[in-house]
$ cat run.txt   # compact mmCIF, C-alpha atoms
# COMPACT_ATOMS: atom_id res chain seq x y z
CA MET Q 1 21.28 -15.11 62.21
CA ASP Q 2 24.88 -13.96 62.72
CA LEU Q 3 26.99 -11.96 60.28
CA ASP Q 4 28.99 -14.90 58.92
CA GLU Q 5 25.88 -16.95 58.34
CA THR Q 6 24.18 -14.06 56.56
CA ALA Q 7 27.27 -13.47 54.39
CA HIS Q 8 27.30 -17.17 53.49
CA TRP Q 9 23.63 -17.18 52.42
CA VAL Q 10 24.06 -13.91 50.53
CA LYS Q 11 27.01 -15.36 48.62
CA LEU Q 12 24.96 -18.43 47.66
CA ALA Q 13 21.92 -16.33 46.71
CA ARG Q 14 24.05 -14.11 44.50
CA GLY Q 15 25.29 -17.24 42.79
CA GLY Q 16 21.70 -18.00 41.78
CA ASP Q 17 20.59 -20.25 44.65
CA SER Q 18 17.05 -19.03 45.33
CA SER Q 19 16.58 -21.29 48.37
CA ALA Q 20 19.52 -19.47 49.99
CA PHE Q 21 17.53 -16.27 49.80
CA THR Q 22 14.63 -18.03 51.53
CA CYS Q 23 17.02 -18.67 54.43
CA ILE Q 24 17.86 -14.95 54.49
CA VAL Q 25 14.13 -14.13 54.65
CA ASP Q 26 13.78 -16.61 57.50
CA GLY Q 27 16.64 -15.10 59.46
CA CYS Q 28 16.09 -11.39 58.85
CA GLN Q 29 12.30 -11.09 58.90
CA LYS Q 30 12.01 -9.99 62.53
CA PRO Q 31 14.16 -6.81 62.47
CA VAL Q 32 12.68 -5.81 59.11
CA PHE Q 33 9.16 -6.36 60.40
CA HIS Q 34 9.86 -4.39 63.61
CA LEU Q 35 11.11 -1.43 61.61
CA CYS Q 36 8.08 -1.52 59.30
CA TYR Q 37 5.69 -1.92 62.22
CA ARG Q 38 7.09 1.08 64.07
CA MET Q 39 7.17 3.15 60.90
CA LEU Q 40 3.67 2.33 59.64
CA GLY Q 41 1.88 1.68 62.91
CA ASN Q 42 -0.06 -1.49 62.15
CA THR Q 43 0.71 -5.17 61.60
CA GLU Q 44 -0.98 -5.64 58.21
CA GLU Q 45 0.85 -2.81 56.52
CA ALA Q 46 4.06 -3.84 58.27
CA GLU Q 47 3.75 -7.37 56.86
CA ASP Q 48 3.14 -6.01 53.38
CA ALA Q 49 6.09 -3.62 53.66
CA ALA Q 50 8.39 -6.36 54.99
CA GLN Q 51 7.44 -8.67 52.10
CA GLU Q 52 8.00 -5.88 49.59
CA THR Q 53 11.39 -5.18 51.18
CA PHE Q 54 12.52 -8.76 50.63
CA LEU Q 55 11.21 -8.73 47.05
CA ARG Q 56 13.13 -5.54 46.30
CA ALA Q 57 16.23 -6.96 47.94
CA TYR Q 58 15.92 -10.13 45.85
CA ARG Q 59 15.49 -8.13 42.67
CA SER Q 60 18.50 -5.91 43.31
CA LEU Q 61 20.78 -8.43 44.99
CA HIS Q 62 23.32 -7.93 42.18
CA GLN Q 63 23.61 -4.27 43.27
CA TYR Q 64 24.48 -5.15 46.87
CA ASP Q 65 28.01 -4.14 47.84
CA ASP Q 66 29.32 -6.91 50.12
CA ARG Q 67 31.65 -4.50 51.94
CA ARG Q 68 28.51 -3.11 53.60
CA SER Q 69 26.48 -4.90 56.25
CA PHE Q 70 23.66 -6.87 54.64
CA MET Q 71 21.25 -6.01 57.45
CA THR Q 72 21.99 -2.30 57.05
CA TRP Q 73 21.30 -2.62 53.33
CA LEU Q 74 18.06 -4.49 53.99
CA LEU Q 75 16.87 -1.95 56.57
CA SER Q 76 17.78 0.82 54.16
CA ILE Q 77 15.39 -0.67 51.59
CA ALA Q 78 12.70 -1.13 54.25
CA SER Q 79 12.98 2.40 55.66
CA HIS Q 80 12.96 4.04 52.23
CA TYR Q 81 9.90 2.01 51.28
CA CYS Q 82 8.11 2.98 54.53
CA ILE Q 83 9.05 6.65 54.11
CA ASP Q 84 7.59 6.57 50.58
CA GLN Q 85 4.43 4.91 51.86
CA LEU Q 86 3.99 7.51 54.61
CA ARG Q 87 4.53 10.36 52.16
CA ARG Q 88 2.01 8.85 49.76
CA GLN Q 89 -0.52 8.42 52.56
CA LYS Q 90 0.03 12.01 53.66
CA LYS Q 91 -0.40 13.19 50.08
CA GLU Q 92 -3.63 11.29 49.71
CA ASN Q 93 -4.77 12.67 53.04
CA PHE Q 94 -5.38 9.10 54.04
CA TYR Q 95 -3.52 8.88 57.28
CA VAL Q 96 -6.01 9.73 59.96
CA ILE Q 97 -5.25 9.15 63.62
CA ASN Q 98 -7.31 6.35 65.14
CA ASP Q 99 -8.53 5.14 61.75
CA SER Q 100 -9.53 1.54 61.08
CA ARG Q 101 -6.07 0.49 59.84
CA VAL Q 102 -4.39 1.22 63.13
CA ASP Q 103 -4.22 -1.58 65.66
CA ASP Q 104 -3.29 -1.42 69.29
CA GLY Q 105 -1.56 -4.76 69.36
CA GLU Q 106 -4.73 -6.83 69.67
CA GLU Q 107 -3.17 -9.59 67.61
CA MET Q 108 -0.01 -9.66 69.68
CA ASP Q 109 0.66 -12.19 72.35
CA ILE Q 110 1.18 -10.60 75.70
CA PRO Q 111 4.01 -12.36 77.52
CA ASP Q 112 3.20 -14.71 80.36
CA SER Q 113 5.42 -12.67 82.66
CA THR Q 114 2.85 -9.86 82.60
CA PRO Q 115 -0.24 -11.53 83.96
CA GLY Q 116 -3.59 -9.93 84.58
CA PRO Q 117 -5.84 -7.56 82.66
CA GLU Q 118 -4.11 -4.50 84.14
CA ALA Q 119 -0.77 -5.43 82.56
CA VAL Q 120 -2.48 -6.07 79.22
CA LEU Q 121 -4.26 -2.73 79.44
CA LYS Q 122 -1.01 -0.96 80.32
CA PHE Q 123 0.74 -2.64 77.40
CA LYS Q 124 -1.97 -1.55 74.98
CA GLU Q 125 -2.01 1.98 76.35
CA ASP Q 126 1.75 2.28 75.99
CA GLN Q 127 1.65 0.94 72.44
CA ALA Q 128 -1.10 3.38 71.50
CA LEU Q 129 0.79 6.23 73.13
CA VAL Q 130 4.04 5.43 71.32
CA ARG Q 131 2.15 5.13 68.05
CA ASN Q 132 0.42 8.47 68.62
CA LEU Q 133 3.71 10.16 69.45
CA LEU Q 134 5.52 8.70 66.43
CA GLU Q 135 2.66 9.76 64.15
CA LYS Q 136 3.41 13.37 64.97
CA LEU Q 137 6.88 13.11 63.40
CA GLU Q 138 8.00 13.55 59.81
CA PRO Q 139 8.69 10.17 58.10
CA ILE Q 140 12.50 10.58 58.09
CA ASP Q 141 12.56 11.80 61.71
CA ARG Q 142 10.43 8.81 62.64
CA ALA Q 143 12.87 6.49 60.87
CA VAL Q 144 15.78 8.05 62.79
CA ILE Q 145 14.01 7.45 66.13
CA VAL Q 146 13.02 3.89 65.22
CA LEU Q 147 16.53 2.97 64.07
CA MET Q 148 18.08 4.59 67.15
CA TYR Q 149 15.77 3.01 69.74
CA TRP Q 150 14.49 -0.23 68.26
CA ASN Q 151 17.55 -1.24 66.26
CA ASP Q 152 20.24 0.22 68.54
CA TYR Q 153 21.94 1.79 65.52
CA SER Q 154 24.75 4.33 65.83
CA TYR Q 155 24.65 7.72 64.12
CA GLU Q 156 26.92 6.38 61.37
CA GLU Q 157 24.73 3.35 60.74
CA ILE Q 158 21.57 5.47 60.65
CA ALA Q 159 23.29 7.82 58.20
CA GLU Q 160 24.13 4.84 55.99
CA VAL Q 161 20.61 3.42 56.14
CA LEU Q 162 18.88 6.71 55.37
CA SER Q 163 21.52 8.08 52.96
CA LEU Q 164 22.14 11.11 55.18
CA THR Q 165 25.23 12.70 56.69
CA VAL Q 166 26.04 12.08 60.36
CA SER Q 167 25.39 15.73 61.22
CA ALA Q 168 22.01 15.55 59.45
CA VAL Q 169 21.15 12.48 61.54
CA LYS Q 170 22.09 14.32 64.76
CA SER Q 171 20.01 17.33 63.86
CA ARG Q 172 17.04 15.17 62.84
CA LEU Q 173 17.32 13.19 66.07
CA HIS Q 174 17.30 16.38 68.09
CA ARG Q 175 14.26 17.64 66.16
CA ALA Q 176 12.49 14.30 66.55
CA ARG Q 177 13.09 14.18 70.32
CA ARG Q 178 11.84 17.72 70.73
CA GLY Q 179 8.83 16.80 68.56
CA LEU Q 180 8.07 13.79 70.77
CA ALA Q 181 8.36 15.81 73.97
CA LYS Q 182 6.11 18.55 72.56
CA ALA Q 183 3.59 15.94 71.37
CA TRP Q 184 3.62 14.42 74.85
CA MET Q 185 2.95 17.83 76.42
CA ALA Q 186 0.16 18.54 73.92
CA LEU Q 187 -1.50 15.16 74.60
CA HIS Q 188 -1.44 15.75 78.34
CA GLN Q 189 -2.60 19.31 78.02
CA GLU Q 190 -5.50 18.13 75.87
CA ALA Q 191 -6.41 15.48 78.42
CA ALA Q 192 -6.22 18.04 81.23
CA THR Q 193 -8.41 20.50 79.30
CA LYS Q 194 -11.01 17.79 78.68
CA THR Q 195 -11.12 16.97 82.37
CA TYR Q 196 -11.35 20.65 83.25
CA LEU Q 197 -14.16 21.32 80.77
CA LYS Q 198 -16.20 18.29 81.85
CA PRO Q 199 -19.35 19.77 83.39
CA GLU Q 200 -19.99 18.87 86.97
CA ARG Q 201 -23.32 17.30 87.80
CA LYS Q 202 -25.68 19.27 89.90
CA HIS Q 203 -26.87 17.52 93.03
CA TYR Q 204 -30.33 17.06 91.50
CA GLU Q 205 -28.80 15.31 88.43
CA LEU Q 206 -27.25 12.53 90.47
CA PRO Q 207 -28.58 9.03 89.71
CA VAL Q 208 -30.31 8.88 93.06
CA PHE Q 209 -32.76 11.49 91.80
CA MET Y 1 23.49 30.85 78.07
CA ASN Y 2 20.07 30.68 76.43
CA CYS Y 3 17.33 28.06 76.49
CA ARG Y 4 18.50 26.58 73.17
CA TYR Y 5 21.69 25.32 74.79
CA PHE Y 6 19.78 23.76 77.70
CA GLU Y 7 17.21 22.26 75.34
CA HIS Y 8 20.11 20.53 73.61
CA LEU Y 9 21.37 19.20 76.96
CA ILE Y 10 17.90 17.98 77.97
CA LEU Y 11 17.22 16.13 74.74
CA ASN Y 12 20.70 14.61 74.57
CA ARG Y 13 20.23 12.99 77.95
CA SER Y 14 18.82 9.70 76.73
CA SER Y 15 19.18 6.25 78.20
CA SER Y 16 19.20 4.73 74.70
CA THR Y 17 22.47 6.36 73.67
CA ASN Y 18 23.99 6.27 77.17
CA ALA Y 19 24.78 9.91 76.62
CA SER Y 20 25.50 11.58 79.91
CA LEU Y 21 26.31 15.16 80.75
CA THR Y 22 29.42 16.35 82.53
CA GLU Y 23 29.15 17.40 86.15
CA LYS Y 24 29.42 21.03 85.15
CA GLN Y 25 26.66 20.68 82.54
CA GLU Y 26 24.41 18.86 85.03
CA GLU Y 27 24.89 21.62 87.56
CA ALA Y 28 24.17 24.38 85.03
CA LEU Y 29 21.09 22.53 83.80
CA ARG Y 30 19.78 22.01 87.34
CA GLU Y 31 20.11 25.71 88.06
CA HIS Y 32 18.45 26.65 84.78
CA LEU Y 33 15.52 24.29 85.32
CA LEU Y 34 14.75 26.01 88.64
CA VAL Y 35 14.24 29.35 86.94
CA CYS Y 36 12.89 28.38 83.49
CA PRO Y 37 9.41 26.78 83.47
CA SER Y 38 9.38 25.99 79.73
CA CYS Y 39 12.69 24.07 79.91
CA SER Y 40 11.49 22.39 83.08
CA GLN Y 41 8.34 21.24 81.26
CA LEU Y 42 10.38 20.00 78.33
CA ASP Y 43 12.72 18.12 80.67
CA ASN Y 44 9.81 16.51 82.45
CA ALA Y 45 8.09 15.52 79.20
CA TRP Y 46 11.26 14.14 77.61
CA ARG Y 47 12.10 12.00 80.65
CA LYS Y 48 8.64 10.40 80.44
CA VAL Y 49 8.80 9.93 76.67
CA ASP Y 50 12.22 8.33 76.99
CA VAL Y 51 10.93 5.86 79.58
CA VAL Y 52 7.87 4.98 77.45
CA LEU Y 53 10.07 4.48 74.39
CA GLN Y 54 12.42 2.18 76.33
CA GLN Y 55 9.49 0.11 77.58
CA SER Y 56 8.01 -0.07 74.10
CA VAL Y 57 11.32 -1.27 72.68
CA LYS Y 58 11.39 -4.13 75.21
CA TYR Y 59 7.78 -5.07 74.45
CA THR Y 60 8.25 -4.88 70.70
CA LYS Y 61 11.33 -7.07 70.74
CA ALA Y 62 9.67 -9.63 72.98
CA ASN Y 63 6.18 -9.74 71.48
CA ILE Y 64 5.88 -8.32 68.02
CA ALA Y 65 6.73 -10.69 65.23
CA PRO Y 66 5.41 -11.42 61.76
CA LYS Y 67 2.57 -13.93 61.56
CA PRO Y 68 3.68 -17.58 61.13
CA GLU Y 69 4.69 -18.75 57.64
CA PHE Y 70 5.97 -15.35 56.60
CA THR Y 71 8.62 -16.97 54.38
CA GLU Y 72 6.08 -19.20 52.63
CA ARG Y 73 3.86 -16.20 51.89
CA TRP Y 74 6.90 -14.35 50.56
CA ALA Y 75 7.82 -17.28 48.29
CA LYS Y 76 4.26 -17.34 46.93
CA ARG Y 77 4.39 -13.61 46.30
CA LEU Y 78 7.71 -13.98 44.50
CA GLU Y 79 6.24 -16.72 42.30
CA LYS Y 80 3.23 -14.53 41.50
CA GLU Y 81 5.49 -11.65 40.59
CA ARG Y 82 7.60 -13.92 38.37
CA CYS Y 83 4.47 -14.95 36.42
CA GLU Y 84 3.49 -11.31 36.11
CA VAL Y 85 6.96 -10.40 34.81
CA GLU Y 86 6.88 -13.26 32.29
CA ARG Y 87 3.45 -12.13 31.05
CA ARG Y 88 4.68 -8.54 30.76
CA GLN Y 89 7.81 -9.76 28.96
CA LEU Y 90 5.67 -11.62 26.41
CA TRP Y 91 3.47 -8.58 25.80
CA THR Y 92 6.49 -6.29 25.49
CA THR Y 93 8.12 -8.57 22.92
CA LEU Y 94 4.88 -8.93 20.97
CA SER Y 95 4.14 -5.21 20.99
CA ILE Y 96 7.69 -4.39 19.86
CA PHE Y 97 7.36 -6.94 17.02
CA MET Y 98 3.99 -5.61 15.93
CA THR Y 99 5.01 -1.97 16.15
CA SER Y 100 8.23 -2.45 14.18
CA ALA Y 101 6.47 -4.56 11.54
CA GLY Y 102 3.66 -2.01 11.27
CA MET Y 103 6.08 0.87 10.94
CA VAL Y 104 8.15 -0.90 8.28
CA LEU Y 105 5.04 -1.88 6.33
CA SER Y 106 3.53 1.59 6.46
CA SER Y 107 6.83 3.25 5.46
CA MET Y 108 7.11 0.86 2.51
CA ILE Y 109 3.54 1.65 1.40
CA VAL Y 110 4.15 5.38 1.70
CA TRP Y 111 7.40 5.05 -0.22
CA ALA Y 112 5.78 2.93 -2.94
CA LEU Y 113 2.85 5.30 -3.36
CA SER Y 114 5.05 8.40 -3.41
CA THR Y 115 7.41 6.83 -5.96
CA TRP Y 116 4.82 5.36 -8.26
CA GLY Y 117 2.13 7.97 -7.90
CA THR Y 118 -1.46 6.76 -7.66
CA PRO Y 119 -2.39 3.10 -7.01
CA VAL Y 120 -3.51 2.87 -10.69
CA THR Y 121 -0.06 3.81 -12.02
CA TRP Y 122 1.46 1.51 -9.44
CA LEU Y 123 -0.65 -1.41 -10.70
CA ASN Y 124 0.30 -0.55 -14.26
CA TYR Y 125 3.92 -0.64 -13.24
CA VAL Y 126 3.59 -4.06 -11.63
CA LEU Y 127 1.79 -5.38 -14.71
CA LYS Y 128 4.56 -4.02 -16.90
CA ILE Y 129 7.17 -5.84 -14.86
CA ILE Y 130 5.19 -9.10 -15.08
CA ILE Y 131 4.79 -8.75 -18.88
CA ASN Y 132 8.48 -7.97 -19.38
CA PHE Y 133 9.42 -10.83 -17.05
CA ARG Y 134 7.94 -13.30 -19.54
CA GLY Y 135 10.30 -11.98 -22.25
CA TYR Y 136 13.53 -13.06 -20.56
CA SER Y 137 14.95 -16.49 -21.26
CA ASN Y 138 16.71 -17.57 -18.03
CA VAL Y 139 16.68 -16.98 -14.27
CA ILE Y 140 19.75 -14.71 -14.18
CA GLY Y 141 18.43 -12.82 -17.12
CA ASN Y 142 15.06 -12.48 -15.42
CA SER Y 143 16.61 -11.10 -12.23
CA ILE Y 144 18.89 -8.66 -14.02
CA GLY Y 145 16.01 -7.59 -16.24
CA VAL Y 146 13.68 -7.01 -13.30
CA ILE Y 147 16.32 -5.13 -11.25
CA GLY Y 148 17.27 -3.11 -14.30
CA HIS Y 149 13.62 -2.31 -14.85
CA VAL Y 150 13.06 -1.32 -11.23
CA PHE Y 151 16.09 0.99 -11.18
CA SER Y 152 15.40 2.35 -14.63
CA SER Y 153 14.17 5.67 -13.33
CA TRP Y 154 16.01 8.11 -11.05
CA GLU Y 155 13.41 7.88 -8.21
CA MET Y 156 13.97 4.17 -8.03
CA LEU Y 157 17.41 4.79 -6.56
CA SER Y 158 15.70 5.64 -3.27
CA PHE Y 159 14.89 1.93 -2.87
CA PRO Y 160 18.31 0.93 -1.41
CA ALA Y 161 18.21 3.97 0.89
CA VAL Y 162 14.78 2.96 2.26
CA SER Y 163 15.93 -0.65 2.64
CA PHE Y 164 19.03 0.45 4.51
CA LEU Y 165 17.07 2.73 6.86
CA THR Y 166 14.52 -0.03 7.51
CA LEU Y 167 17.29 -2.47 8.34
CA LEU Y 168 18.88 0.07 10.66
CA PHE Y 169 15.58 0.71 12.41
CA LEU Y 170 14.95 -3.01 12.90
CA THR Y 171 18.47 -3.49 14.27
CA VAL Y 172 17.93 -0.72 16.85
CA VAL Y 173 14.54 -2.18 17.83
CA TRP Y 174 16.02 -5.63 18.28
CA ILE Y 175 19.03 -4.49 20.28
CA TYR Y 176 16.61 -2.69 22.61
CA THR Y 177 14.40 -5.79 22.90
CA ILE Y 178 17.28 -8.13 23.63
CA ASN Y 179 18.64 -5.72 26.23
CA LYS Y 180 15.24 -5.44 27.92
CA MET Y 181 14.79 -9.19 27.94
CA SER Y 182 18.18 -9.74 29.55
CA ILE Y 183 17.20 -7.30 32.34
CA ILE Y 184 13.98 -9.24 32.95
CA LYS Y 185 15.89 -12.53 32.86
CA ARG Y 186 18.15 -11.27 35.63
CA PHE Y 187 15.08 -10.90 37.85
CA THR Y 188 13.45 -14.20 36.97

$ encode --input "run.txt" --output "structure tokens"
Amino acid sequence: MDLDETAHWVKLARGGDSSAFTCIVDGCQKPVFHLCYRMLGNTEEAEDAAQETFLRAYRSLHQYDDRRSFMTWLLSIASHYCIDQLRRQKKENFYVINDSRVDDGEEMDIPDSTPGPEAVLKFKEDQALVRNLLEKLEPIDRAVIVLMYWNDYSYEEIAEVLSLTVSAVKSRLHRARRGLAKAWMALHQEAATKTYLKPERKHYELPVF
Amino acid sequence: MNCRYFEHLILNRSSSTNASLTEKQEEALREHLLVCPSCSQLDNAWRKVDVVLQQSVKYTKANIAPKPEFTERWAKRLEKERCEVERRQLWTTLSIFMTSAGMVLSSMIVWALSTWGTPVTWLNYVLKIIINFRGYSNVIGNSIGVIGHVFSSWEMLSFPAVSFLTLLFLTVVWIYTINKMSIIKRFT
């Protein structure tokens, strides 16, 4: 959905046409869902968060300032909702790595251009790795990374979405990148330690005996 | 120059922002990485993370999407929420009605009891009014007689004050209710 089309539907929806808002949901669901998925880490919660985002947008459509980009406004609602969810989960000590809520993209369709079980395995490994790395970040830092990479947003746009200053965005981005690199190093160090500590079999323990 | 400066250069070198370093910065960084193992490790890790993030972005954009009929599910959820709001609106209105009526009634009872003493004297007073009522010849006379009787004592003058306060209270309650209902209406 392009900007003009979105502006047209928003204008109609603000005039009380509820079916116009349905068109907005149709056109904007993918970027909102992507943001929620990367923020929360699993498809079910992402769907719930995306639906809640559109409900909140519908409820407060009269507060929307049409000088701003509608998508930026929508993503602002989505990211604030996801940040609140993550903080609540952290508070409840509910967010455990590798818990049952986390999926590795089992429900996703792997593109035809990546045939074979190896490509599927690689895809799942990468998804799990990205999820693990993002989990190590603070909710706002995570939102900065997601908006920067997955939405191609500029510093100014990220600042608008997250209600931060541009310098705060830059400093959070720097902190988030350092956090990701450190998390990567820690994951690999852990893996290396596990391999190192794995006891070697004695010759008499081999299956042939 | 310390590691903090080079850390900044390393982490700013991302393919997502197309941020590139100047030739001088690249040269300084290359020299620093040869002598600093911690910065070298960070550089190595960040390069890999950056690549994995870029790949994940491509995969996400191509493959991850909401399940089919997302809009229909949203419309159903909106309808459900509308019903819930309407139910809440009804209960709010009812509870405001009941509370205001209860408060007015109880304040009237308290006022009546405090003005007329015990329930026995109160009953006597009512009976007196009824007996006197029979003595007046016409409707206007009856009304004037009853009002005159009611306001015959000094305490009875508190009656208009209580009525005025009650009216004021009800007005405030109703302005609040109407305001609340208009907010709910905006949503539904």

$ closest_residue --input "run.txt" --among "Y:Leu9, Y:Val35, Y:Val110, Y:Ala45" --to "chain Q" --atoms "all atoms listed in the file"
Y:Ala45

$ interface_residues --input "run.txt" --of "chain Y" --to "chain Q" --cutoff "7 Å" --atoms "only C-alpha atoms" --output "count of residues only"
18

$ atom_distance --input "run.txt" --atom1 "atom CA of Ala7 of chain Q" --atom2 "atom CA of Ala159 of chain Q"
22.0 Å

$ atom_distance --input "run.txt" --atom1 "atom CA of Thr53 of chain Q" --atom2 "atom CA of Leu75 of chain Q"
8.3 Å

$ closest_residue --input "run.txt" --among "Q:Leu86, Q:Ala143, Q:Asp65, Q:Leu40" --to "Val161 of chain Q" --atoms "only C-alpha atoms"
Q:Ala143

$ closest_residue --input "run.txt" --among "Y:Asn124, Y:Gln55, Y:Asn12, Y:Thr22" --to "Asp43 of chain Y" --atoms "all atoms listed in the file"
Y:Asn12

$ closest_residue --input "run.txt" --among "Q:Ser76, Q:Asp84, Q:Val10, Q:Gly41" --to "Leu134 of chain Q" --atoms "all atoms listed in the file"
Q:Gly41

$ axis_aligned_box --input "run.txt" --around "segment 57-62 of chain Q" --padding-each-side "4 Å" --output "JSON"
{"center_x": 19.4, "center_y": -8.0, "center_z": 45.1, "size_x": 15.8, "size_y": 12.2, "size_z": 13.8}

$ atom_distance --input "run.txt" --atom1 "atom CA of Ala78 of chain Q" --atom2 "atom CA of Asp50 of chain Y"
24.6 Å

$ closest_residue --input "run.txt" --among "Q:Val166, Q:Cys82, Q:Ala119, Q:Met39" --to "Asn132 of chain Q" --atoms "all atoms listed in the file"
Q:Met39

$ closest_residue --input "run.txt" --among "Y:Val85, Y:Val173, Y:Tyr59, Y:Leu90" --to "Lys122 of chain Q" --atoms "only C-alpha atoms"
Y:Tyr59

$ build_atoms --input "run.txt" --residues "segment 115-132 of chain Q" --atoms "N, CA, C and O atoms" --output "short mmCIF file (atom, residue, chain, number, x, y, z; two decimals), in the frame of the given file"
data_model
loop_
_atom_site.label_atom_id
_atom_site.label_comp_id
_atom_site.auth_asym_id
_atom_site.auth_seq_id
_atom_site.Cartn_x
_atom_site.Cartn_y
_atom_site.Cartn_z
N PRO Q 115 1.11 -10.98 83.82
CA PRO Q 115 -0.24 -11.53 83.96
C PRO Q 115 -1.26 -10.46 84.34
O PRO Q 115 -0.91 -9.37 84.77
N GLY Q 116 -2.51 -10.79 84.14
CA GLY Q 116 -3.59 -9.93 84.58
C GLY Q 116 -4.02 -8.91 83.57
O GLY Q 116 -3.21 -8.47 82.74
N PRO Q 117 -5.30 -8.52 83.63
CA PRO Q 117 -5.84 -7.56 82.66
C PRO Q 117 -5.20 -6.17 82.78
O PRO Q 117 -5.13 -5.45 81.81
N GLU Q 118 -4.72 -5.83 83.97
CA GLU Q 118 -4.11 -4.50 84.14
C GLU Q 118 -2.84 -4.36 83.30
O GLU Q 118 -2.60 -3.34 82.67
N ALA Q 119 -2.03 -5.45 83.32
CA ALA Q 119 -0.77 -5.43 82.56
C ALA Q 119 -1.06 -5.34 81.07
O ALA Q 119 -0.39 -4.62 80.33
N VAL Q 120 -2.10 -6.09 80.64
CA VAL Q 120 -2.48 -6.07 79.22
C VAL Q 120 -2.93 -4.67 78.83
O VAL Q 120 -2.55 -4.14 77.78
N LEU Q 121 -3.74 -4.08 79.71
CA LEU Q 121 -4.26 -2.73 79.44
C LEU Q 121 -3.11 -1.72 79.36
O LEU Q 121 -3.06 -0.87 78.46
N LYS Q 122 -2.16 -1.86 80.28
CA LYS Q 122 -1.01 -0.96 80.32
C LYS Q 122 -0.19 -1.10 79.04
O LYS Q 122 0.23 -0.11 78.44
N PHE Q 123 -0.02 -2.36 78.63
CA PHE Q 123 0.74 -2.64 77.40
C PHE Q 123 0.08 -1.97 76.20
O PHE Q 123 0.73 -1.29 75.41
N LYS Q 124 -1.24 -2.12 76.11
CA LYS Q 124 -1.97 -1.55 74.98
C LYS Q 124 -1.93 -0.02 75.02
O LYS Q 124 -1.78 0.63 73.98
N GLU Q 125 -2.05 0.51 76.20
CA GLU Q 125 -2.01 1.98 76.35
C GLU Q 125 -0.66 2.52 75.92
O GLU Q 125 -0.59 3.52 75.20
N ASP Q 126 0.39 1.84 76.35
CA ASP Q 126 1.75 2.28 75.99
C ASP Q 126 1.97 2.21 74.48
O ASP Q 126 2.57 3.10 73.88
N GLN Q 127 1.49 1.11 73.89
CA GLN Q 127 1.65 0.94 72.44
C GLN Q 127 0.92 2.05 71.69
O GLN Q 127 1.45 2.63 70.74
N ALA Q 128 -0.31 2.34 72.15
CA ALA Q 128 -1.10 3.38 71.50
C ALA Q 128 -0.43 4.74 71.66
O ALA Q 128 -0.41 5.55 70.73
N LEU Q 129 0.12 4.96 72.84
CA LEU Q 129 0.79 6.23 73.13
C LEU Q 129 2.02 6.42 72.24
O LEU Q 129 2.20 7.47 71.63
N VAL Q 130 2.83 5.36 72.16
CA VAL Q 130 4.04 5.43 71.32
C VAL Q 130 3.64 5.67 69.86
O VAL Q 130 4.24 6.49 69.16
N ARG Q 131 2.61 4.97 69.43
CA ARG Q 131 2.15 5.13 68.05
C ARG Q 131 1.68 6.56 67.80
O ARG Q 131 2.03 7.18 66.80
N ASN Q 132 0.90 7.09 68.75
CA ASN Q 132 0.42 8.47 68.62
C ASN Q 132 1.56 9.47 68.58
O ASN Q 132 1.52 10.42 67.80
#
